[in-house]
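Note sheet for the following structure.
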Amino acid sequence: VKMTDFKNEISCELPEGYPHQTFSGGKPILYAFSCALLEQETETGFLYTAVNLDSGKKKILSCRKSPLSVKEVEKMAERIQRSNITGAGRYQIDRPLGQRISFNKALSILHYTFNKVLPQYGYNIRQEQIDLAEVVLATLAKRGTALAEAEVGTGKTLAYLIPAIIAKRGRLNDGKNLSLYPDMQYADMPKMPLVIATSSIALQKSLITEYIPELSHILLKNGMIQTKLSAVLRKGREHYVCRQNVLNELAFQRDSAVKKMLELLLLPKSEIDLAEISRLPQRIKKRLSVPGRCFNTCKHRRDCPYLDFQENARSFDTDIQVTNHNYLLADAIRRTEKKTPLIPNYQILIIDEAHKLLSAARSMYG
């Protein structure tokens with residue numbers, strides 16, 4: 001948190017989510033970073049102590065002859081933030097293992113994000129957008145299900161992204177997640193991703209390349225999250241490059257221009273998403289795609305970019321899994337059949353463009 005941000009962090013009222021309590025060791029004169037600053041008059045002057053509202057830990061910050069002046073208040077907030085008892089900031093979303101954000105605090109952060117933060121970056125906020133975001137947050141808080149309809153221009157993408165990120169990073173459902181997957185370790189449950197399933201490729205790409213990176217940048221810059229948001233786009237295996245198939249194509253390819261493009265696909269960290277390889281003809285792309293099954297005898301198994309991608313995509317280090325309706329339903333079918341899921345266990349599911357889910361279900365289930 002920068003020095004210029006301490007003024008926004010300081011509050012004269014007890015933060016939401018904490019019971020009104022009496023403090024031993026002085027009178028609370030301000031609140032910052034989930035701590036109260038207590039002022040106690042002594043025989044020789046004034047003693048200032050910070051107490052963490054969650055843990056109850058205390059730390060003496062200053063002993064002085066005169067009381068704090070208005071100009072010195074921000075410096076005292078900075079001392080609280082740098083102390084070893086500091087807690088989450090007033091608008092900080094991230095919570096460590098064992099702590100969870102309250103619904104009232106989550107709602108306060110949601111309103112702050114829409115009303116104060118986003119307008120600074122050129123976003124035009126509508127009341128309908130905030131109303132939808134509140135519904136999403138309330139639904140997530142009780143692990144319920146909501147069906148929402150929004151007219152064009154409402155800004156529904158941010159209306160579901162922001163409350164979902166607050167719920168996920170703030171561990172809103174830390175305790176309720178215990179009943180979802182009985183075989184999982186408790187420490188892994190708060191890390192479970194949120195899944196966003198859409199119908200159109202354009203929206204999937206916009207989420208990965210525009211919405212999520214921009215929102216991550218804004219939240220980081222304002223000290224609301226501590227690490228950037230991570231997201232991955234999940235598709236069926238036929239959408240990715242198979243190294244062995246590239247070599248097979250090279251052996252019979254006579255077009256020198258195509259050969260050069262194929263050779264580039266064999267380089268380390270080369271593009272494996274066929275949709276992002278624009279100059280190759282579609283008929284060749286089909287021959288390069290990952291087959292329906294990868295065999296253990298494949299000599300490229302240990303250094304296969306596709307398998308590496310799959311392993312990283314299944315990691316709980318990824319906040320958001322973006323996919324299409326068919327892939328989501330394929331995952332559901334595999335779970336029903338007790339097979340290895342395509343998507344890691346998740347705590348939040350958002351189905352965007354849900355009016356097209358029925359046709360996807362007919363296609364997948366028959």
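Residues are named by chain letter and number: chains run A, B, ... in the order of the structure tokens, numbers start at 1 in each chain, and ligands are numbered from 1 in the order shown.
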Using DSSP on the backbone coordinates, identify the residues of region 124-166 of chain A assigned to alpha helix (DSSP H); present them as a list in words.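 Here are the alpha helix (DSSP H) residues of region 124-166 of chain A: Gln127, Glu128, Gln129, Ile130, Asp131, Leu132, Ala133, Glu134, Val135, Val136, Leu137, Ala138, Thr139, Leu140, Ala141, Lys156, Thr157, Leu158, Ala159, Tyr160, Leu161, Ile162, Pro163, Ala164, Ile165 and Ile166 of chain A.
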With C-alpha atoms retained, export the selected residues as an mmCIF file, in the first residue's frame.
```
data_model
loop_
_atom_site.group_PDB
_atom_site.id
_atom_site.type_symbol
_atom_site.label_atom_id
_atom_site.label_comp_id
_atom_site.auth_asym_id
_atom_site.auth_seq_id
_atom_site.Cartn_x
_atom_site.Cartn_y
_atom_site.Cartn_z
ATOM 1 C CA GLN A 127 -27.240 0.647 -10.962
ATOM 2 C CA GLU A 128 -28.530 -2.483 -12.730
ATOM 3 C CA GLN A 129 -24.939 -3.737 -12.893
ATOM 4 C CA ILE A 130 -24.470 -3.260 -9.136
ATOM 5 C CA ASP A 131 -27.853 -4.913 -8.464
ATOM 6 C CA LEU A 132 -26.780 -7.966 -10.467
ATOM 7 C CA ALA A 133 -23.403 -8.099 -8.683
ATOM 8 C CA GLU A 134 -25.178 -8.018 -5.301
ATOM 9 C CA VAL A 135 -27.387 -10.955 -6.349
ATOM 10 C CA VAL A 136 -24.318 -12.933 -7.436
ATOM 11 C CA LEU A 137 -22.485 -12.232 -4.168
ATOM 12 C CA ALA A 138 -25.521 -13.110 -2.015
ATOM 13 C CA THR A 139 -25.980 -16.355 -3.974
ATOM 14 C CA LEU A 140 -22.329 -17.314 -3.540
ATOM 15 C CA ALA A 141 -22.454 -16.535 0.186
ATOM 16 C CA LYS A 156 -22.840 -8.477 -16.797
ATOM 17 C CA THR A 157 -19.263 -9.754 -17.196
ATOM 18 C CA LEU A 158 -17.881 -7.485 -14.473
ATOM 19 C CA ALA A 159 -21.116 -7.973 -12.513
ATOM 20 C CA TYR A 160 -20.284 -11.660 -12.042
ATOM 21 C CA LEU A 161 -16.467 -11.481 -12.153
ATOM 22 C CA ILE A 162 -16.008 -9.059 -9.262
ATOM 23 C CA PRO A 163 -18.252 -10.807 -6.673
ATOM 24 C CA ALA A 164 -16.852 -14.200 -7.717
ATOM 25 C CA ILE A 165 -13.269 -12.993 -7.212
ATOM 26 C CA ILE A 166 -14.177 -11.480 -3.836
#
```
I'd like the neighbourhood of region 120-122 of chain A as an MDAnalysis selection string, where a residue qualifies if any of its atoms comes within 12 Å (using only C-alpha atoms), though same-chain residues fewer than 3 positions away should be ignored. chainID A and resid 112:117 125 214:215 217:219 221:222
Any chance you can output those residues with N, CA and C atoms as a PDB file, in the first residue's frame?
```pdb
ATOM      1  N   TYR A 112     -17.425  -0.522  -3.017  1.00  0.00           N
ATOM      2  CA  TYR A 112     -16.247   0.342  -3.172  1.00  0.00           C
ATOM      3  C   TYR A 112     -15.649   0.156  -4.571  1.00  0.00           C
ATOM      4  N   THR A 113     -15.588  -1.078  -5.044  1.00  0.00           N
ATOM      5  CA  THR A 113     -15.009  -1.370  -6.355  1.00  0.00           C
ATOM      6  C   THR A 113     -15.808  -0.718  -7.470  1.00  0.00           C
ATOM      7  N   PHE A 114     -17.136  -0.866  -7.415  1.00  0.00           N
ATOM      8  CA  PHE A 114     -17.975  -0.319  -8.480  1.00  0.00           C
ATOM      9  C   PHE A 114     -18.121   1.202  -8.402  1.00  0.00           C
ATOM     10  N   ASN A 115     -18.262   1.722  -7.202  1.00  0.00           N
ATOM     11  CA  ASN A 115     -18.561   3.154  -7.055  1.00  0.00           C
ATOM     12  C   ASN A 115     -17.333   4.050  -7.004  1.00  0.00           C
ATOM     13  N   LYS A 116     -16.207   3.532  -6.526  1.00  0.00           N
ATOM     14  CA  LYS A 116     -15.022   4.364  -6.338  1.00  0.00           C
ATOM     15  C   LYS A 116     -13.861   3.999  -7.266  1.00  0.00           C
ATOM     16  N   VAL A 117     -13.601   2.706  -7.413  1.00  0.00           N
ATOM     17  CA  VAL A 117     -12.395   2.277  -8.133  1.00  0.00           C
ATOM     18  C   VAL A 117     -12.600   2.269  -9.650  1.00  0.00           C
ATOM     19  N   ILE A 125     -20.577   2.985 -14.699  1.00  0.00           N
ATOM     20  CA  ILE A 125     -21.287   2.025 -13.856  1.00  0.00           C
ATOM     21  C   ILE A 125     -22.782   2.322 -13.856  1.00  0.00           C
ATOM     22  N   GLU A 214      -7.162  -6.940 -17.120  1.00  0.00           N
ATOM     23  CA  GLU A 214      -7.431  -5.544 -16.761  1.00  0.00           C
ATOM     24  C   GLU A 214      -7.915  -5.432 -15.317  1.00  0.00           C
ATOM     25  N   LEU A 215      -8.822  -6.321 -14.929  1.00  0.00           N
ATOM     26  CA  LEU A 215      -9.329  -6.310 -13.562  1.00  0.00           C
ATOM     27  C   LEU A 215      -8.218  -6.643 -12.568  1.00  0.00           C
ATOM     28  N   HIS A 217      -5.052  -6.002 -12.934  1.00  0.00           N
ATOM     29  CA  HIS A 217      -4.201  -4.810 -12.852  1.00  0.00           C
ATOM     30  C   HIS A 217      -4.818  -3.757 -11.929  1.00  0.00           C
ATOM     31  N   ILE A 218      -6.115  -3.534 -12.070  1.00  0.00           N
ATOM     32  CA  ILE A 218      -6.802  -2.513 -11.264  1.00  0.00           C
ATOM     33  C   ILE A 218      -6.800  -2.894  -9.780  1.00  0.00           C
ATOM     34  N   LEU A 219      -7.141  -4.146  -9.479  1.00  0.00           N
ATOM     35  CA  LEU A 219      -7.199  -4.584  -8.084  1.00  0.00           C
ATOM     36  C   LEU A 219      -5.820  -4.582  -7.432  1.00  0.00           C
ATOM     37  N   LYS A 221      -3.237  -2.630  -8.335  1.00  0.00           N
ATOM     38  CA  LYS A 221      -2.796  -1.240  -8.202  1.00  0.00           C
ATOM     39  C   LYS A 221      -3.439  -0.553  -7.012  1.00  0.00           C
ATOM     40  N   ASN A 222      -4.645  -0.976  -6.664  1.00  0.00           N
ATOM     41  CA  ASN A 222      -5.357  -0.368  -5.539  1.00  0.00           C
ATOM     42  C   ASN A 222      -5.185  -1.154  -4.240  1.00  0.00           C
TER      43      ASN A 222
END
```
Near Thr42 (chain A), within 12 Å and counting only C-alpha atoms, which residues show up once chain neighbours fewer than 5 positions away are dropped, as a list in words?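 Here the qualifying residues turn out to be Gly25, Gly26, Leu47, Tyr48, Cys63, Arg64, Lys65, Ser66 and Pro67 of chain A.
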Write out, as a compact mmCIF listing (two decimals), in the first residue's frame, the residues just selected, with all heavy atoms.
```txt
# COMPACT_ATOMS: atom_id res chain seq x y z
N GLY A 25 -6.71 -1.30 27.69
CA GLY A 25 -5.43 -0.71 27.30
C GLY A 25 -5.58 0.59 26.55
O GLY A 25 -4.63 1.07 25.94
N GLY A 26 -6.77 1.19 26.61
CA GLY A 26 -6.94 2.49 25.99
C GLY A 26 -8.23 2.63 25.20
O GLY A 26 -9.03 1.70 25.11
N LEU A 47 0.31 6.75 25.49
CA LEU A 47 0.77 5.45 24.98
C LEU A 47 -0.18 5.01 23.86
O LEU A 47 -1.39 5.02 24.03
CB LEU A 47 0.77 4.41 26.11
CG LEU A 47 1.27 3.01 25.75
CD1 LEU A 47 2.76 3.02 25.46
CD2 LEU A 47 0.96 2.04 26.90
N TYR A 48 0.41 4.62 22.72
CA TYR A 48 -0.39 4.19 21.58
C TYR A 48 -0.10 2.71 21.28
O TYR A 48 1.05 2.33 21.03
CB TYR A 48 -0.09 5.06 20.36
CG TYR A 48 -0.61 6.46 20.54
CD1 TYR A 48 0.20 7.46 21.09
CD2 TYR A 48 -1.92 6.79 20.21
CE1 TYR A 48 -0.26 8.75 21.28
CE2 TYR A 48 -2.41 8.08 20.39
CZ TYR A 48 -1.58 9.05 20.94
OH TYR A 48 -2.07 10.33 21.13
N CYS A 63 5.21 5.87 22.35
CA CYS A 63 5.05 6.45 23.69
C CYS A 63 5.55 7.88 23.60
O CYS A 63 6.73 8.12 23.31
CB CYS A 63 5.86 5.64 24.71
SG CYS A 63 5.58 6.17 26.41
N ARG A 64 4.68 8.85 23.83
CA ARG A 64 5.03 10.25 23.58
C ARG A 64 4.42 11.16 24.62
O ARG A 64 3.51 10.78 25.36
CB ARG A 64 4.57 10.65 22.18
CG ARG A 64 3.15 10.19 21.87
CD ARG A 64 2.77 10.34 20.41
NE ARG A 64 2.73 11.75 20.04
CZ ARG A 64 3.16 12.20 18.88
NH1 ARG A 64 3.67 11.37 18.00
NH2 ARG A 64 3.07 13.49 18.58
N LYS A 65 4.95 12.39 24.68
CA LYS A 65 4.49 13.35 25.68
C LYS A 65 3.19 14.03 25.28
O LYS A 65 2.39 14.39 26.14
CB LYS A 65 5.57 14.40 25.91
CG LYS A 65 6.84 13.85 26.56
CD LYS A 65 7.86 14.97 26.80
CE LYS A 65 9.13 14.40 27.46
NZ LYS A 65 10.14 15.46 27.68
N SER A 66 2.97 14.22 23.98
CA SER A 66 1.76 14.91 23.51
C SER A 66 0.92 13.97 22.67
O SER A 66 1.42 13.01 22.09
CB SER A 66 2.15 16.14 22.69
OG SER A 66 2.96 15.76 21.58
N PRO A 67 -0.38 14.23 22.56
CA PRO A 67 -1.25 13.36 21.75
C PRO A 67 -0.95 13.52 20.26
O PRO A 67 -0.32 14.51 19.85
CB PRO A 67 -2.66 13.84 22.08
CG PRO A 67 -2.48 15.26 22.52
CD PRO A 67 -1.16 15.31 23.21
```
Quick one, how far is CA of Asn8 (chain A) from CA of Ser24 (chain A)?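 CA of Asn8 (chain A) sits 26.5 Å away from CA of Ser24 (chain A).
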Taking only C-alpha atoms into account, name the residue in A:Asp94, A:Glu74, A:Glu238, A:Asp308 that is nearest to Tyr327 (chain A).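 Result for the nearest residue to Tyr327 (chain A): A:Glu238.
Taking only C-alpha atoms into account, Asn324 (chain A) lies nearest to A:Ile351 out of the set A:Val70, A:Met189, A:Ile351, A:Ala36.
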Restricting the calculation to only C-alpha atoms, which member of A:Leu349, A:Leu37, A:Gly144, A:Val232 is positioned closest to Cys12 (chain A)?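 For Cys12 (chain A), the nearest of the candidates is A:Leu37.
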DSSP on the backbone, then: every residue of region 111-247 of chain A marked strand (DSSP E or B), written as a ChimeraX atom specification. /A:194-198,231-233,240-241
Residues from last step as file, C-alpha atoms, as a PDB file, in the first residue's frame:
```
ATOM      1  CA  LEU A 194     -14.061 -20.563 -10.104  1.00  0.00           C
ATOM      2  CA  VAL A 195     -15.266 -21.843 -13.488  1.00  0.00           C
ATOM      3  CA  ILE A 196     -16.771 -19.622 -16.182  1.00  0.00           C
ATOM      4  CA  ALA A 197     -18.453 -21.476 -19.043  1.00  0.00           C
ATOM      5  CA  THR A 198     -19.507 -19.517 -22.132  1.00  0.00           C
ATOM      6  CA  ALA A 231      -6.725 -17.703 -15.611  1.00  0.00           C
ATOM      7  CA  VAL A 232      -6.560 -20.487 -18.177  1.00  0.00           C
ATOM      8  CA  LEU A 233      -8.673 -21.280 -21.229  1.00  0.00           C
ATOM      9  CA  TYR A 240      -4.085 -28.313 -29.414  1.00  0.00           C
ATOM     10  CA  VAL A 241      -0.879 -29.218 -31.242  1.00  0.00           C
TER      11      VAL A 241
END
```
I'd like the neighbourhood of Lys235 (chain A) as a ChimeraX atom specification, where a residue qualifies if any of its atoms comes within 10 Å (using only C-alpha atoms), though same-chain residues fewer than 6 positions away should be ignored. /A:273,322-324,326-328,342
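Here CA of Lys58 (chain A) stands at a distance of 13.6 Å from CA of Arg82 (chain A).
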Pick from A:Cys242, A:Leu97, A:Leu203, A:Ala88 nearest to Tyr186 (chain A), counting only C-alpha atoms: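 Of A:Cys242, A:Leu97, A:Leu203, A:Ala88, the one nearest Tyr186 (chain A) is A:Leu97, counting only C-alpha atoms.
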Per-residue nearest contacts region 140-256 of chain A to region 278-286 of chain A, cut-off 12 Å, using only C-alpha atoms, as CSV:
```
residue,atom,partner,partner_atom,distance
A:Arg237,CA,A:Lys286,CA,11.5
A:Glu238,CA,A:Lys286,CA,7.9
A:His239,CA,A:Lys286,CA,8.7
A:Tyr240,CA,A:Lys285,CA,9.1
A:Val241,CA,A:Lys285,CA,8.1
A:Cys242,CA,A:Lys285,CA,10.1
A:Asn245,CA,A:Lys286,CA,9.9
A:Val246,CA,A:Lys285,CA,9.4
A:Asn248,CA,A:Ile284,CA,11.3
A:Glu249,CA,A:Ile284,CA,8.2
A:Leu250,CA,A:Ile284,CA,10.8
A:Phe252,CA,A:Ile284,CA,11.7
A:Gln253,CA,A:Ile284,CA,10.0
A:Asp255,CA,A:Leu280,CA,11.5
```
Quick one: write out the picked residues with C-alpha atoms as a short mmCIF file (atom, residue, chain, number, x, y, z; two decimals), in the first residue's frame?
```
data_model
loop_
_atom_site.label_atom_id
_atom_site.label_comp_id
_atom_site.auth_asym_id
_atom_site.auth_seq_id
_atom_site.Cartn_x
_atom_site.Cartn_y
_atom_site.Cartn_z
CA ARG A 237 -7.69 -31.87 -26.95
CA GLU A 238 -8.47 -31.56 -30.67
CA HIS A 239 -7.77 -27.82 -30.35
CA TYR A 240 -4.08 -28.31 -29.41
CA VAL A 241 -0.88 -29.22 -31.24
CA CYS A 242 0.59 -32.73 -30.98
CA ASN A 245 1.85 -35.17 -35.52
CA VAL A 246 3.90 -32.10 -36.42
CA ASN A 248 4.72 -36.68 -39.17
CA GLU A 249 3.45 -33.75 -41.25
CA LEU A 250 6.99 -32.39 -41.74
CA PHE A 252 5.68 -35.49 -46.08
CA GLN A 253 5.27 -31.71 -46.48
CA ASP A 255 5.67 -26.58 -49.28
#
```
Need to verify the contact set: Leu357 (chain A), 8 Å, only C-alpha atoms, exclusion of same-chain residues closer than 4 positions in sequence. Can you return it as a VMD selection string? chain A and resid 199 325 353 361
I'd like the interatomic distance between CA of Leu266 (chain A) and CA of Gln310 (chain A), to a tenth of an Å.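 Between CA of Leu266 (chain A) and CA of Gln310 (chain A) the gap works out to 17.9 Å.
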Identify which of the residues A:Ile201, A:Ile29, A:Leu358, A:Cys294 lies closest to Arg243 (chain A), counting only C-alpha atoms when measuring atom-to-atom distances. A:Cys294
